[in-house]
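See below for work25.txt, which holds compact mmCIF, C-alpha atoms.
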# COMPACT_ATOMS: atom_id res chain seq x y z
CA MET A 1 71.25 -20.50 -31.06
CA ASN A 2 73.11 -17.26 -31.83
CA TRP A 3 72.23 -14.19 -29.79
CA LYS A 4 70.84 -12.15 -32.70
CA ARG A 5 68.35 -14.83 -33.73
CA LEU A 6 67.43 -15.52 -30.10
CA ARG A 7 66.78 -11.83 -29.48
CA THR A 8 64.40 -11.68 -32.44
CA LYS A 9 62.46 -14.77 -31.34
CA VAL A 10 62.10 -13.59 -27.74
CA LEU A 11 60.81 -10.17 -28.82
CA GLU A 12 58.34 -11.79 -31.20
CA GLN A 13 56.89 -13.69 -28.25
CA TYR A 14 57.19 -11.17 -25.41
CA GLY A 15 57.63 -7.71 -26.91
CA PRO A 16 54.66 -5.29 -26.79
CA THR A 17 53.20 -4.18 -30.10
CA ASP A 18 53.01 -0.54 -31.14
CA GLU A 19 49.22 -0.86 -30.96
CA GLU A 20 49.38 -2.04 -27.33
CA ILE A 21 51.61 0.87 -26.29
CA SER A 22 49.43 3.36 -28.18
CA GLU A 23 46.24 2.00 -26.59
CA LEU A 24 47.69 2.19 -23.07
CA ARG A 25 48.84 5.76 -23.65
CA LYS A 26 45.38 6.76 -24.93
CA HIS A 27 43.77 5.41 -21.77
CA TYR A 28 46.28 7.26 -19.60
CA GLU A 29 45.48 10.48 -21.45
CA LYS A 30 41.74 10.01 -20.79
CA VAL A 31 42.40 9.60 -17.07
CA SER A 32 44.84 12.49 -17.01
CA GLU A 33 42.40 14.81 -18.80
CA ILE A 34 39.71 14.18 -16.18
CA ILE A 35 42.14 14.90 -13.33
CA GLU A 36 43.63 18.01 -14.87
CA SER A 37 40.30 19.52 -15.98
CA THR A 38 38.44 18.71 -12.75
CA TYR A 39 41.14 19.30 -10.15
CA GLY A 40 43.79 21.37 -11.90
CA LEU A 41 46.54 18.91 -10.98
CA GLU A 42 49.21 17.53 -13.27
CA THR A 43 49.72 13.78 -13.62
CA HIS A 44 52.63 11.51 -14.39
CA PHE A 45 52.37 8.35 -16.49
CA ALA A 46 54.46 5.82 -14.56
CA GLY A 47 55.10 2.10 -14.83
CA SER A 48 56.69 0.05 -17.58
CA ALA A 49 53.96 0.88 -20.12
CA SER A 50 54.96 4.55 -20.01
CA ARG A 51 58.60 3.61 -20.64
CA GLU A 52 57.81 0.96 -23.30
CA THR A 53 59.58 -1.71 -21.26
CA CYS A 54 56.46 -3.78 -20.55
CA MET A 55 55.92 -7.29 -21.84
CA THR A 56 53.04 -7.96 -24.19
CA GLY A 57 49.74 -8.37 -22.38
CA ASP A 58 50.82 -6.10 -19.51
CA ASN A 59 47.69 -4.00 -19.15
CA ASP A 60 48.70 -1.91 -16.13
CA ILE A 61 48.30 1.87 -16.20
CA ASP A 62 49.90 3.69 -13.26
CA VAL A 63 48.76 7.30 -12.95
CA PHE A 64 50.52 9.46 -10.37
CA VAL A 65 48.73 12.63 -9.31
CA LEU A 66 51.28 15.35 -8.54
CA PHE A 67 50.32 17.42 -5.49
CA PRO A 68 52.21 20.63 -4.67
CA SER A 69 54.82 20.16 -1.94
CA LYS A 70 52.94 22.54 0.40
CA THR A 71 49.95 20.15 0.46
CA SER A 72 49.33 18.61 3.87
CA GLU A 73 49.48 14.85 4.35
CA GLU A 74 45.80 14.75 5.29
CA GLU A 75 44.70 16.73 2.24
CA LEU A 76 46.75 14.50 -0.07
CA LYS A 77 45.08 11.38 1.37
CA GLU A 78 41.54 12.72 1.20
CA LYS A 79 41.84 14.47 -2.16
CA GLY A 80 43.80 11.55 -3.65
CA LEU A 81 40.98 9.11 -2.88
CA GLU A 82 38.37 11.58 -4.10
CA ILE A 83 40.20 11.93 -7.41
CA GLY A 84 40.45 8.16 -7.82
CA LYS A 85 36.74 7.71 -7.12
CA THR A 86 35.83 10.44 -9.62
CA VAL A 87 37.93 8.93 -12.41
CA PHE A 88 36.67 5.37 -11.98
CA GLU A 89 33.03 6.43 -11.76
CA GLU A 90 33.26 8.73 -14.78
CA LEU A 91 34.87 5.96 -16.86
CA ASN A 92 32.48 3.27 -15.56
CA GLY A 93 35.23 1.34 -13.84
CA GLU A 94 35.26 -0.85 -10.75
CA TYR A 95 37.59 0.19 -7.96
CA HIS A 96 38.67 -0.25 -4.36
CA THR A 97 41.09 1.38 -1.94
CA GLU A 98 44.52 -0.10 -1.27
CA TYR A 99 47.14 1.02 1.21
CA ALA A 100 50.87 1.63 1.00
CA GLU A 101 52.37 4.51 2.97
CA HIS A 102 49.08 6.26 2.23
CA PRO A 103 45.89 5.08 0.52
CA TYR A 104 45.38 4.99 -3.24
CA THR A 105 42.72 3.80 -5.68
CA LYS A 106 43.03 0.66 -7.76
CA GLY A 107 40.62 -1.03 -10.14
CA GLU A 108 39.68 -1.93 -13.68
CA ILE A 109 38.63 0.24 -16.60
CA ASN A 110 37.81 -1.37 -19.96
CA GLY A 111 39.77 -4.49 -19.05
CA LEU A 112 42.84 -2.52 -17.99
CA GLU A 113 44.22 -2.49 -14.44
CA VAL A 114 44.49 1.13 -13.35
CA GLU A 115 46.13 2.62 -10.26
CA ILE A 116 45.67 6.27 -9.32
CA VAL A 117 48.33 7.19 -6.80
CA PRO A 118 48.66 10.60 -5.12
CA CYS A 119 52.21 11.80 -4.47
CA PHE A 120 54.09 14.99 -3.63
CA ASP A 121 55.69 16.82 -6.56
CA VAL A 122 59.10 17.28 -4.94
CA GLU A 123 62.77 16.98 -5.80
CA ALA A 124 64.33 13.55 -5.40
CA THR A 125 66.28 14.83 -2.40
CA ASP A 126 63.08 15.95 -0.62
CA ILE A 127 60.78 12.93 -0.93
CA ARG A 128 58.20 12.57 1.83
CA SER A 129 57.07 9.02 1.00
CA SER A 130 58.41 6.22 -1.19
CA VAL A 131 55.89 6.85 -3.99
CA ASP A 132 57.34 10.34 -4.46
CA ARG A 133 60.40 8.66 -6.01
CA THR A 134 58.44 7.00 -8.82
CA PRO A 135 58.22 10.00 -11.20
CA HIS A 136 61.99 10.46 -10.76
CA HIS A 137 62.54 6.78 -11.57
CA SER A 138 60.52 7.16 -14.78
CA ARG A 139 62.47 10.23 -15.86
CA TRP A 140 65.81 8.53 -15.17
CA VAL A 141 64.83 5.51 -17.28
CA GLN A 142 63.56 7.72 -20.11
CA ASN A 143 66.92 9.52 -20.15
CA ASN A 144 69.13 6.45 -19.89
CA LEU A 145 67.66 3.80 -22.19
CA ASP A 146 67.57 3.89 -25.98
CA GLU A 147 65.02 1.97 -28.05
CA LYS A 148 67.11 -1.20 -28.36
CA GLN A 149 67.85 -1.23 -24.65
CA ARG A 150 64.13 -0.94 -23.87
CA GLU A 151 63.68 -4.10 -25.90
CA ASP A 152 66.47 -5.74 -23.90
CA VAL A 153 64.62 -4.86 -20.68
CA VAL A 154 61.64 -6.83 -22.04
CA ILE A 155 63.98 -9.76 -22.78
CA LEU A 156 65.40 -9.61 -19.25
CA LYS A 157 61.90 -9.53 -17.72
CA ALA A 158 60.89 -12.56 -19.79
CA PHE A 159 64.07 -14.39 -18.73
CA LEU A 160 63.40 -13.67 -15.05
CA THR A 161 59.70 -14.51 -15.33
CA CYS A 162 60.44 -17.96 -16.75
CA ALA A 163 63.02 -18.53 -13.99
CA GLY A 164 60.50 -17.53 -11.30
CA LEU A 165 62.63 -14.52 -10.33
CA TYR A 166 60.58 -11.58 -11.57
CA GLY A 167 58.66 -9.54 -9.04
CA SER A 168 59.62 -7.49 -5.99
CA SER A 169 56.72 -8.60 -3.81
CA LEU A 170 57.54 -10.19 -0.48
CA LYS A 171 56.08 -13.41 -1.86
CA VAL A 172 58.49 -13.65 -4.82
CA GLU A 173 61.52 -11.77 -3.38
CA GLY A 174 62.85 -11.24 -6.89
CA PHE A 175 63.75 -8.40 -9.27
CA SER A 176 61.54 -5.36 -9.83
CA GLY A 177 60.91 -3.85 -13.25
CA TYR A 178 62.95 -0.80 -12.24
CA SER A 179 65.94 -2.96 -11.28
CA CYS A 180 65.74 -4.61 -14.74
CA GLU A 181 65.85 -1.19 -16.39
CA ILE A 182 68.85 -0.13 -14.31
CA LEU A 183 70.75 -3.35 -15.10
CA ILE A 184 70.29 -2.94 -18.86
CA ALA A 185 71.25 0.74 -18.69
CA GLU A 186 74.35 -0.17 -16.69
CA PHE A 187 75.59 -3.09 -18.83
CA GLY A 188 74.25 -1.96 -22.19
CA SER A 189 72.41 -5.09 -23.30
CA PHE A 190 70.90 -8.36 -22.12
CA GLN A 191 73.81 -10.34 -23.57
CA GLU A 192 76.41 -8.22 -21.76
CA LEU A 193 74.48 -8.54 -18.51
CA MET A 194 74.50 -12.35 -18.82
CA GLU A 195 78.26 -12.37 -19.41
CA GLU A 196 78.94 -10.06 -16.47
CA ALA A 197 76.47 -11.44 -13.93
CA LYS A 198 77.76 -15.01 -14.10
CA ASP A 199 80.91 -13.75 -12.33
CA TRP A 200 79.20 -11.78 -9.57
CA ASN A 201 79.98 -12.67 -5.98
CA GLY A 202 78.00 -12.48 -2.76
CA ASP A 203 78.73 -8.81 -2.24
CA THR A 204 78.16 -7.11 -5.59
CA VAL A 205 77.62 -3.33 -5.66
CA ILE A 206 76.25 -1.54 -8.74
CA ASP A 207 76.12 2.26 -8.56
CA PRO A 208 75.01 3.67 -11.95
CA GLU A 209 75.31 7.34 -10.94
CA ASN A 210 78.55 6.82 -8.97
CA HIS A 211 77.01 8.20 -5.81
CA HIS A 212 79.72 6.53 -3.72
CA GLU A 213 83.40 5.82 -4.39
CA LYS A 214 82.98 3.27 -1.63
CA LEU A 215 79.88 2.52 0.41
CA PRO A 216 80.05 4.44 3.71
CA GLU A 217 79.92 2.40 6.90
CA SER A 218 76.32 3.48 7.55
CA LEU A 219 75.19 1.96 4.22
CA GLU A 220 77.37 -1.12 4.67
CA ASN A 221 75.46 -1.73 7.89
CA LYS A 222 72.10 -0.86 6.33
CA PHE A 223 72.66 -3.25 3.39
CA SER A 224 74.54 -5.91 5.38
CA GLY A 225 71.96 -8.62 4.67
CA ASP A 226 71.70 -7.83 0.93
CA SER A 227 73.70 -9.98 -1.51
CA LEU A 228 73.15 -7.62 -4.46
CA LYS A 229 73.26 -3.88 -3.92
CA ILE A 230 71.97 -1.68 -6.75
CA ILE A 231 72.18 1.91 -5.57
CA ASP A 232 69.10 3.83 -6.69
CA PRO A 233 70.17 6.45 -9.27
CA VAL A 234 67.79 8.97 -7.68
CA ASP A 235 68.37 8.03 -4.02
CA PRO A 236 71.97 7.28 -2.96
CA GLU A 237 70.85 5.67 0.31
CA ARG A 238 68.47 3.10 -1.17
CA ASN A 239 69.19 -0.41 -2.45
CA VAL A 240 66.78 -1.13 -5.33
CA THR A 241 67.19 -4.90 -4.81
CA SER A 242 66.82 -4.96 -1.03
CA VAL A 243 63.92 -7.43 -1.27
CA LEU A 244 65.90 -9.93 -3.40
CA SER A 245 66.51 -13.10 -1.39
CA THR A 246 69.95 -14.70 -1.17
CA GLU A 247 68.65 -17.88 -2.81
CA ASN A 248 67.05 -16.00 -5.70
CA TYR A 249 70.27 -14.03 -6.21
CA ALA A 250 72.15 -17.33 -6.43
CA LYS A 251 69.55 -18.71 -8.85
CA PHE A 252 69.99 -15.61 -11.02
CA ILE A 253 73.77 -16.03 -11.23
CA TYR A 254 73.35 -19.73 -12.02
CA SER A 255 70.78 -18.95 -14.74
CA CYS A 256 73.07 -16.29 -16.26
CA TRP A 257 75.95 -18.77 -16.37
CA ARG A 258 73.79 -21.39 -18.09
CA MET A 259 72.40 -18.79 -20.50
CA SER A 260 75.86 -17.52 -21.46
CA GLU A 261 77.10 -21.10 -21.97
CA GLU A 262 74.28 -22.16 -24.28
CA PRO A 263 71.74 -19.44 -25.17
CA GLY A 264 68.37 -20.70 -26.35
CA MET A 265 64.59 -20.40 -26.13
CA ASP A 266 64.50 -22.96 -23.32
CA PHE A 267 65.25 -20.06 -20.96
CA PHE A 268 62.14 -18.26 -22.18
CA THR A 269 59.71 -21.13 -21.87
CA VAL A 270 57.77 -22.25 -18.83
CA GLU A 271 56.80 -25.89 -19.15
CA GLU A 272 53.81 -26.91 -17.07
CA THR A 273 54.79 -30.28 -15.67
CA GLU A 274 51.95 -32.61 -14.75
CA VAL A 275 52.89 -34.57 -11.65
CA THR A 276 50.54 -37.14 -10.16
CA GLU A 277 49.90 -38.02 -6.52
CA PHE A 278 51.44 -41.43 -7.27
CA GLU A 279 54.69 -39.84 -8.48
CA ILE A 280 54.84 -37.65 -5.37
CA SER A 281 54.18 -40.67 -3.13
CA GLN A 282 56.94 -42.60 -4.87
CA GLU A 283 59.37 -39.73 -4.35
CA LEU A 284 58.44 -39.38 -0.68
CA GLU A 285 59.40 -43.02 -0.11
CA LYS A 286 62.97 -42.04 -1.00
CA HIS A 287 63.01 -39.29 1.63
CA GLY A 288 63.02 -39.22 5.40
CA ASP A 289 59.97 -38.79 7.61
CA PHE A 290 57.63 -36.17 6.16
CA LEU A 291 55.42 -34.15 8.47
CA VAL A 292 52.69 -31.87 7.10
CA MET A 293 50.48 -29.57 9.16
CA GLU A 294 47.78 -27.16 7.98
CA PHE A 295 45.67 -24.36 9.41
CA ASP A 296 43.20 -21.76 8.20
CA ALA A 297 44.60 -18.98 6.02
CA VAL A 298 45.14 -15.54 7.57
CA ASP A 299 43.03 -12.70 6.16
CA GLU A 300 45.92 -10.40 5.26
CA VAL A 301 47.64 -9.24 2.07
CA GLU A 302 50.54 -11.31 0.74
CA ASP A 303 53.15 -8.72 1.70
CA ILE A 304 52.16 -9.30 5.33
CA VAL A 305 51.50 -13.05 5.26
CA TYR A 306 54.74 -14.15 3.56
CA PRO A 307 57.19 -12.33 5.88
CA GLN A 308 55.21 -13.57 8.88
CA MET A 309 55.30 -17.15 7.59
CA ARG A 310 59.06 -16.94 7.04
CA LYS A 311 59.44 -15.75 10.62
CA THR A 312 57.22 -18.62 11.75
CA MET A 313 59.34 -21.16 9.89
CA ARG A 314 62.53 -19.80 11.46
CA ALA A 315 60.95 -20.16 14.90
CA LEU A 316 59.72 -23.72 14.32
CA ASN A 317 63.00 -24.90 12.79
CA ALA A 318 64.89 -23.40 15.72
CA GLU A 319 62.61 -25.27 18.14
CA PHE A 320 63.30 -28.58 16.40
CA ARG A 321 67.06 -27.95 16.57
CA ARG A 322 66.85 -26.95 20.22
CA HIS A 323 65.33 -30.34 20.99
CA ASP A 324 67.94 -32.22 18.87
CA PHE A 325 65.67 -33.08 15.92
CA GLN A 326 67.41 -33.13 12.54
CA VAL A 327 65.45 -31.13 9.94
CA TYR A 328 66.47 -31.98 6.36
CA ASP A 329 64.07 -29.61 4.60
CA SER A 330 61.04 -27.45 5.33
CA GLY A 331 58.70 -25.02 3.64
CA PHE A 332 55.26 -23.46 3.57
CA PHE A 333 52.46 -23.00 1.07
CA VAL A 334 49.82 -20.27 1.21
CA GLY A 335 46.58 -21.32 -0.43
CA GLU A 336 43.26 -19.52 -0.75
CA ASP A 337 41.81 -20.98 2.43
CA ARG A 338 44.61 -23.09 3.92
CA ILE A 339 48.24 -22.62 4.84
CA LYS A 340 50.37 -25.75 4.86
CA ILE A 341 53.76 -26.30 6.49
CA PHE A 342 55.99 -29.29 5.86
CA PHE A 343 59.06 -30.68 7.57
CA GLU A 344 61.27 -33.49 6.39
CA VAL A 345 62.39 -34.29 9.89
CA GLU A 346 63.80 -37.02 12.09
CA MET A 347 60.50 -38.10 13.60
CA ASN A 348 61.68 -40.03 16.68
CA LEU A 349 64.66 -39.72 19.00
CA PRO A 350 65.85 -41.94 21.87
CA GLU A 351 64.20 -40.96 25.13
CA ILE A 352 67.63 -40.79 26.76
CA LYS A 353 70.39 -38.45 25.61
CA HIS A 354 74.01 -38.10 26.65
CA VAL A 355 75.02 -34.53 27.51
CA GLU A 356 78.66 -33.64 26.99
CA GLY A 357 80.51 -32.07 29.92
CA PRO A 358 84.06 -30.77 30.53
CA LYS A 359 87.32 -32.67 30.13
CA VAL A 360 88.57 -34.29 33.32
CA TYR A 361 92.02 -32.74 33.38
CA HIS A 362 92.37 -30.60 36.57
CA ASN A 363 88.91 -29.14 36.01
CA PHE A 364 87.39 -30.12 39.33
CA LYS A 365 85.21 -27.03 39.75
CA HIS A 366 83.54 -27.45 36.34
CA MET A 367 83.19 -31.22 36.82
CA SER A 368 81.55 -30.64 40.21
CA GLN A 369 79.10 -28.13 38.73
CA PHE A 370 78.28 -30.46 35.85
CA GLN A 371 77.86 -33.54 38.05
CA SER A 372 75.46 -31.67 40.33
CA LYS A 373 73.02 -31.33 37.41
CA TYR A 374 72.82 -35.06 36.61
CA GLU A 375 72.15 -38.09 38.76
CA ASN A 376 73.98 -40.41 36.38
CA THR A 377 77.41 -39.31 35.10
CA PHE A 378 80.14 -41.28 33.38
CA ILE A 379 83.34 -40.89 31.34
CA LYS A 380 83.54 -41.20 27.56
CA GLY A 381 86.95 -40.53 26.13
CA GLU A 382 88.38 -37.55 28.01
CA ARG A 383 85.09 -36.00 29.09
CA ILE A 384 82.45 -36.40 31.70
CA TYR A 385 78.94 -37.00 30.39
CA GLY A 386 75.51 -36.86 31.97
CA LYS A 387 72.56 -39.09 31.24
CA SER A 388 69.35 -37.10 30.71
CA GLN A 389 65.69 -37.73 29.83
CA ARG A 390 64.57 -35.85 26.73
CA GLU A 391 61.60 -33.52 27.11
CA PHE A 392 60.40 -34.57 23.64
CA SER A 393 61.37 -37.65 21.69
CA ASP A 394 58.50 -37.45 19.17
CA ALA A 395 58.35 -34.65 16.57
CA LYS A 396 54.54 -34.57 16.50
CA ARG A 397 54.32 -34.27 20.27
CA LEU A 398 56.82 -31.42 20.18
CA LEU A 399 54.74 -29.48 17.64
CA LYS A 400 51.48 -30.11 19.49
CA ALA A 401 52.95 -28.82 22.74
CA LYS A 402 54.67 -25.79 21.23
CA MET A 403 51.74 -24.64 19.10
CA GLU A 404 49.73 -23.95 22.25
CA LYS A 405 52.35 -21.34 23.12
CA ALA A 406 53.33 -20.29 19.59
CA ARG A 407 53.58 -16.59 20.43
CA LYS A 408 56.28 -17.31 23.01
CA LEU A 409 58.38 -18.86 20.24
CA GLY A 410 58.32 -15.60 18.28
CA VAL A 411 55.54 -16.62 15.90
CA PRO A 412 53.60 -13.49 14.80
CA GLU A 413 50.27 -13.00 16.59
CA ARG A 414 47.88 -13.58 13.65
CA ILE A 415 49.74 -16.74 12.57
CA ALA A 416 49.99 -17.98 16.17
CA ASP A 417 46.23 -17.62 16.66
CA GLU A 418 45.49 -19.83 13.64
CA LEU A 419 48.27 -22.29 14.51
CA ASN A 420 46.44 -23.09 17.74
CA GLU A 421 43.91 -24.94 15.55
CA PHE A 422 46.38 -26.73 13.27
CA ARG A 423 45.95 -30.36 12.19
CA PHE A 424 48.33 -32.93 10.73
CA THR A 425 47.53 -34.13 7.20
CA GLU A 426 48.90 -36.62 4.72
CA PRO A 427 51.48 -35.08 2.33
CA THR A 428 49.38 -35.73 -0.79
CA ASP A 429 46.13 -34.38 0.70
CA GLY A 430 45.33 -30.96 -0.71
CA SER A 431 44.71 -28.85 -3.77
CA ASP A 432 46.41 -29.19 -7.15
CA GLU A 433 48.38 -26.04 -6.31
CA TRP A 434 49.72 -27.64 -3.14
CA LEU A 435 50.74 -30.78 -5.04
CA LYS A 436 52.48 -28.65 -7.66
CA TYR A 437 54.33 -26.77 -4.92
CA LEU A 438 55.31 -30.03 -3.23
CA ALA A 439 56.58 -31.48 -6.51
CA GLU A 440 58.77 -28.41 -6.99
CA LYS A 441 60.14 -28.69 -3.44
CA LEU A 442 60.95 -32.36 -4.07
CA TYR A 443 62.53 -31.48 -7.46
CA ILE A 444 60.22 -33.86 -9.34
CA THR A 445 60.51 -33.24 -13.09
CA GLY A 446 57.60 -35.37 -14.21
CA ASP A 447 59.77 -37.57 -16.47
CA GLN A 448 61.54 -39.59 -13.81
The structure in this file should be written as structure tokens.
Amino acid sequence: MNWKRLRTKVLEQYGPTDEEISELRKHYEKVSEIIESTYGLETHFAGSASRETCMTGDNDIDVFVLFPSKTSEEELKEKGLEIGKTVFEELNGEYHTEYAEHPYTKGEINGLEVEIVPCFDVEATDIRSSVDRTPHHSRWVQNNLDEKQREDVVILKAFLTCAGLYGSSLKVEGFSGYSCEILIAEFGSFQELMEEAKDWNGDTVIDPENHHEKLPESLENKFSGDSLKIIDPVDPERNVTSVLSTENYAKFIYSCWRMSEEPGMDFFTVEETEVTEFEISQELEKHGDFLVMEFDAVDEVEDIVYPQMRKTMRALNAEFRRHDFQVYDSGFFVGEDRIKIFFEVEMNLPEIKHVEGPKVYHNFKHMSQFQSKYENTFIKGERIYGKSQREFSDAKRLLKAKMEKARKLGVPERIADELNEFRFTEPTDGSDEWLKYLAEKLYITGDQ
């Protein structure tokens, strides 16, 4: 399909209508009028709806309340929550308090998701918390994207959504809406971005405002774990894509290459594949030993649970390696009331292992030290070896023993507490969501 026709079809499916944008703006103005008339404070319409880069059906309204810079932190917190409560109650909405660097109000008004966020009205160089940047982000986007490019942002968001790469939460570890806007502004169009991104490497730097001729050593160190570095146009020391995982960055480059090779609507379609327990069981027979454990879900927000689970998985995989178990694959699934962990792992090892020592050539001191550790030593090739009894030869026994002391392994406290009560389950036992996750991890397409 040619790019012009593809662009039209994608916008027909994902582009917001003029009526949607107008309706969202009207609701923002109602909220803003209450805040300005009651509290005398200006507001800022933030988020993709304000910039007309939202996809159709995106009903989020982000209202930032601009407090004078001389306002104290305590007053901003208290007054910010008071303002949110007033707005939601006056407009008959339902609301609750959420927390970032400071609390804000979030809820629903007339079917729309509304956030009322207090922030300091300061210059970009004087921000006191991360939310203070948001109005500056909005202004930069307004000044750097024309109408056609705003449409291309929508296309990019749809492309990333269908690839499972859209969202900067610590669950998704993908691209934020702001990073999409920067990329289109930088490369001019969705098509140009696809052509350029397929050639990116593992250390790509994009600096739209040319803040740095070359990244200083301090930022090289700060961004050392980031594959893609998009320097924030309004903050030269911030990487907009710091949350993007290495694997998702690689998936993005791969998707861009495929898209540039053969553009089509397939890249803008999510097909729900129905996979049965029988198909999963058949696939598991082709794999190694599969070990699944579950425990009660932790009562925390996703941005806390997912990083803690990744840390847990690193600790458990390291423990398997330390005891010589080969792990072929692993992963975790966070459900509503259960968390599941799986390992495709070598389940049993010989009880005896041979420990490699030094070469025999004129190395008497090292040989003597090595031999003193083992009752049974022998020569294989050029080296001395010791015969040793493994502490664990069964993967299940290893997990059972280590979970009693999970905190000592580096497992976060809340996860460790629940892991104490874990149980082993069959791979196909669980919710439909778990089975769908497992099918994806096993790369089952549903037509095999």
Worksheet, complete the sentence: note - atom CA of Tyr437 of chain A and atom CA of Leu160 of chain A are separated by 18.9 Å
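Taking atom CA of Phe290 of chain A and atom CA of Phe343 of chain A as endpoints, the distance between them is 5.8 Å.
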Worksheet entry | Pick from A:Phe364, A:Phe252, A:Phe67, A:Phe187, whichever lies nearest to Arg128 of chain A using all atoms listed in the file | A:Phe67
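Here the question is which of A:Val234, A:Cys54, A:Val301, A:Leu156 gets nearest to Thr125 of chain A using all atoms listed in the file, and that residue is A:Val234.
For the point (63.4, 10.9, -17.9), the residues with an atom at a distance of at most 12 Å are His44, Phe45, Ala46, Ser50, Arg51, Thr134, Pro135, His136, His137, Ser138, Arg139, Trp140, Val141, Gln142, Asn143, Asn144, Leu145, Asp146, Pro233 and Val234 of chain A, counting only C-alpha atoms.
Distances here use only C-alpha atoms; by that measure, the residue among A:Ile379, A:Arg310, A:Thr56, A:Val153 closest to Ser176 of chain A is A:Val153.
For the atom pair formed by atom CA of Gly357 of chain A and atom CA of Tyr385 of chain A, the distance is 5.2 Å, given to one decimal.
When only C-alpha atoms are used to compute distances to Ile304 of chain A, the closest of the residues A:Leu442, A:Leu6, A:Ala100, A:Leu409 turns out to be A:Ala100.
Closest approach to Gly111 of chain A from the set A:Val240, A:Ala163, A:Ala124, A:Leu24 is made by A:Leu24, with distances taken over all atoms listed in the file.
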